Every structure is written in C-alpha cells, then in structure tokens.
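**Student:** First the structure, which I've put down as structure tokens, then a few questions once you've had a look.
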Amino acid sequence: MFVEVVCPEENCFSGDATMVISRTPNGEIGILEGHEKTVATLMPGGLTIEHDNTRTSFAISGGILQVTSDKVVVLGEIVEKVDGDHEKAIEIGQELGKKAFPEE
Amino acid sequence: MASAELRIINRRIKSVKSTKKITRAMELIASSRIVKAQQRLTSSNNYTNLLAQIVEELTGSGEMPTSPAIEGTKKITLVVITSDRGLAGAYNTNILKLAEVRKSEYENINNVVEIVTVGKKANGYFKYRNIEPKQNYEGITDEPNFENALEIMTPLVQEFYAGKTNQIELVYTEYQSAMTQTALYKTVLPFEVEQIAKEIESVGGYTFEPSASQVLSNIIPKYTNATIFSALLNASTSEHAARMRAMKAATENAEELIKILSRKSNQARQAEITTEISEIVGGAEALAG
C-alpha cells in the first residue's frame, strides 16, 4: 500500500510500505494492506513504517491518520525522523508534543 | 583640470553606479530565495489540501459544530503580516492600506479591533498612529517555519476559546504568480466549513477513531495552524517577489540614469575642450596682432 507522511514544511515520507504503526487515544494501531477506511487521531509519540524489509521511525507531535482504499496518509504538525526503534521515537515524540502544545 | 560641472557629474555617475550594484545584488538574492519559498509553499498547500479533504469527510458525517452567533459588540483581532525590511515596492503599503480599511469597517459597526503585527513595518506603522499592537513578531517573514506559526497562533486561539476575542482575521498577501500578488483577508476563527470544504467530493464510509467529534476537535486547531502557516509562507514568497520586481526596476532606472549622465559628462568635457581651444586661438591671435 502507498503511504504518505506529510507535514506543513515538507513531505517526510512517500512510498510503498507493508505496515504503519502508531498510537491513537484508544491504543496502539497497526495498519496493514486492506485496512478498512479510517480517520484517526494520533497521539504525540512514534510513527513507524515498515517498508522494503526495514523500519523507518518518526517522532510525531500528534496528527491525523487517514486510511483510504488505496493509500494511507499521515498528517503531522511536527515530524522528525528518528535514528532508532519505535520506543525511541515515542519518547522523542512525546517531548515534541509537550513543546508544541504546552497547555495539553 | 576638470571643470566643476564635469566633476559633479562624474561624482553622480559613480554614486548611481554603486547604487545599481546594490539593487542588482538585492534583485539576485530575492530571486534565489523565491524559488525556495515557492517550494515550501507548495508542500504546505499539499498538507492543507489533505487536511481540507479530511474535514470534508467529517462534514459528510454531520459532526460539524456551528459557532454561536455573537450579539452586540464583537472583539476582533486582526493579524497583519508585513515584512521586516523595506525596498519591496508597494508590498507593505498595499497590505497596510487593506488592514486600515478592514479596521475602520469593523469599527464603523461598533466592534473593537485589536491588532497583532508580524513584521517590523506593520509594527512601525501602527505605533506611529498611536495604536499599540497587542503583540508583535519580528524576524519571521524572511523564512517562516511551522514553530513560528504555532508561536503566533497558540495565544490567539486560547484567547478565542476564553472569549477574550470573538474573531481572528488574517490580513496578508497571497502569492499568485511572480507577477501577481494580492493583499487579502481571511477569517481563521470562528471556523467556517464553507471556506475550505468547497469543491471536494465526499467519499464517505469512514470509521473514526476514537470518534468523529473527537477527531474533529483535534483537526480544527491543526487547520487553524495550517492556515496561518500558509499565510506566512504566502506573505514571505510575495515579499521576495515584490522585492525582486522593485529592485529590477531600480536597476533599470539606474542604468538609464547612468546613460543620461554620461552624455552630460561628455558634453561638459567637450565644452571644456572647446573653451580651451578658443582661449589658445584667441591668445595666439592677440600675440600675432
């Protein structure tokens, strides 16, 4: 499935992937090929995309995830690529979230 | 020895030439920055459009709130976006003129208008007229980033929800092309669906996590942030474009001026030579006589 990670300043990721992992207020969410059409709120934390047998992780200050029949779009306000695994991304992402929205 | 007139003209040519170098350099700088600014504008538009698309799905689900109508005096915050530096033609003048028009329009119907300025020029303009801006931001418009947008928007949004202000309106310049930039105004809050959800076809059939209304309340602040970020980028791109055009015209004028002045200089030099010759001839004739 085609995955796009878009933030206001740039397109962070765009390409084919096998899985997208992140967290909504209801809990961890993993999206595979053929997921039902969804719009979800993402919590500040990590976003990991599995593609070409590797995993790319991003720290995200919160965002919106949209799954349509042919692609997955993630809209994040502040998105940073992380050298490390999903846990590391979650840690940095939560910091980002606190920085961007101090009142929450 | 060169005559006084000749020296004065030559000095002017020199000064015009050095001015031309400056305007030419500014033109080149602006034209290189405009390319980068345009790229950023495109990717921000991409983000905003995707967001608008999701909002459209939500409106299809009938979860869109309507803001309550406010009776009586409204408090309106105008966010005026200009540049920090001048020498950009009519760029700042146009935006300030529009801001002034909007302000008096609101004041004529008994609303209270507060001003938030982005850019030194707007701040100076209002201060000079004894209007103290509620908040001023500088050093942003050259290359705005998303943190800047948050910095401006977060306090305003808090005020909006606390009822301290009833409407937030942006006054900025929209970049249409390298030749055309238009000063315009746009309401950020209260949130209006019509202004964004036009012409996007709804597909429907989505599930929302955790729920449509929660997704929505999450999306609105994102949309307002994206709106002001896109306004900042538009303003910045327009500023570079306006400066490029202004400096191009200035360079051309300098060239024209140099041409005219060198003609005058040649004329003065020739007049001097003619005077000298006639003096010599006159002297020789007097001696021969």
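By convention in this document, the chains of the structure tokens carry letters A, B, ... by their order, each chain's residues are numbered from 1, and ligands are numbered from 1 in the order they are shown.
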For chain B, report every residue with an atom at most 7 Å from chain A (counting only C-alpha atoms), formatted as a ChimeraX atom specification.

**Tutor:** /B:40,43-44,47,146,205-210,215,226

**Student:** What residues in chain A get the DSSP label helix (DSSP H, G or I)? Please answer as a ChimeraX atom specification.

**Tutor:** /A:86-100

**Student:** Those selected residues, please, written with N, CA and C atoms and delivered as an mmCIF file, in the first residue's frame.

**Tutor:**
data_model
loop_
_atom_site.group_PDB
_atom_site.id
_atom_site.type_symbol
_atom_site.label_atom_id
_atom_site.label_comp_id
_atom_site.auth_asym_id
_atom_site.auth_seq_id
_atom_site.Cartn_x
_atom_site.Cartn_y
_atom_site.Cartn_z
ATOM 1 N N HIS A 86 11.052 2.097 17.497
ATOM 2 C CA HIS A 86 9.769 2.721 17.757
ATOM 3 C C HIS A 86 9.718 3.339 19.161
ATOM 4 N N GLU A 87 10.317 2.646 20.142
ATOM 5 C CA GLU A 87 10.277 3.146 21.533
ATOM 6 C C GLU A 87 10.975 4.496 21.648
ATOM 7 N N LYS A 88 12.110 4.574 20.981
ATOM 8 C CA LYS A 88 12.885 5.819 20.983
ATOM 9 C C LYS A 88 12.048 6.953 20.365
ATOM 10 N N ALA A 89 11.367 6.613 19.252
ATOM 11 C CA ALA A 89 10.528 7.594 18.556
ATOM 12 C C ALA A 89 9.402 8.078 19.463
ATOM 13 N N ILE A 90 8.824 7.150 20.230
ATOM 14 C CA ILE A 90 7.726 7.515 21.135
ATOM 15 C C ILE A 90 8.218 8.543 22.152
ATOM 16 N N GLU A 91 9.411 8.254 22.682
ATOM 17 C CA GLU A 91 9.987 9.139 23.692
ATOM 18 C C GLU A 91 10.156 10.566 23.143
ATOM 19 N N ILE A 92 10.779 10.659 21.975
ATOM 20 C CA ILE A 92 11.037 11.981 21.383
ATOM 21 C C ILE A 92 9.720 12.664 20.998
ATOM 22 N N GLY A 93 8.804 11.855 20.455
ATOM 23 C CA GLY A 93 7.520 12.397 20.022
ATOM 24 C C GLY A 93 6.726 13.008 21.168
ATOM 25 N N GLN A 94 6.789 12.349 22.330
ATOM 26 C CA GLN A 94 6.050 12.893 23.480
ATOM 27 C C GLN A 94 6.642 14.223 23.919
ATOM 28 N N GLU A 95 7.963 14.317 23.817
ATOM 29 C CA GLU A 95 8.621 15.596 24.117
ATOM 30 C C GLU A 95 8.153 16.679 23.145
ATOM 31 N N LEU A 96 8.113 16.319 21.861
ATOM 32 C CA LEU A 96 7.661 17.240 20.809
ATOM 33 C C LEU A 96 6.253 17.728 21.105
ATOM 34 N N GLY A 97 5.413 16.782 21.506
ATOM 35 C CA GLY A 97 4.023 17.110 21.804
ATOM 36 C C GLY A 97 3.916 18.113 22.928
ATOM 37 N N LYS A 98 4.738 17.920 23.950
ATOM 38 C CA LYS A 98 4.713 18.849 25.090
ATOM 39 C C LYS A 98 5.180 20.220 24.674
ATOM 40 N N LYS A 99 6.184 20.244 23.783
ATOM 41 C CA LYS A 99 6.761 21.512 23.362
ATOM 42 C C LYS A 99 5.767 22.288 22.490
ATOM 43 N N ALA A 100 5.120 21.554 21.590
ATOM 44 C CA ALA A 100 4.237 22.231 20.631
ATOM 45 C C ALA A 100 2.917 22.653 21.261
#

**Student:** When DSSP works through the backbone of this structure, what residues of chain A end up as strand (DSSP E), shown as a count of residues only?

**Tutor:** 57

**Student:** Find, counting only C-alpha atoms, the residue in B:Met26, B:Leu189, B:Leu287, B:Ala149 that gets nearest to Ala88 of chain B.

**Tutor:**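 Ranked by minimum distance to Ala88 of chain B, first place goes to B:Met26.
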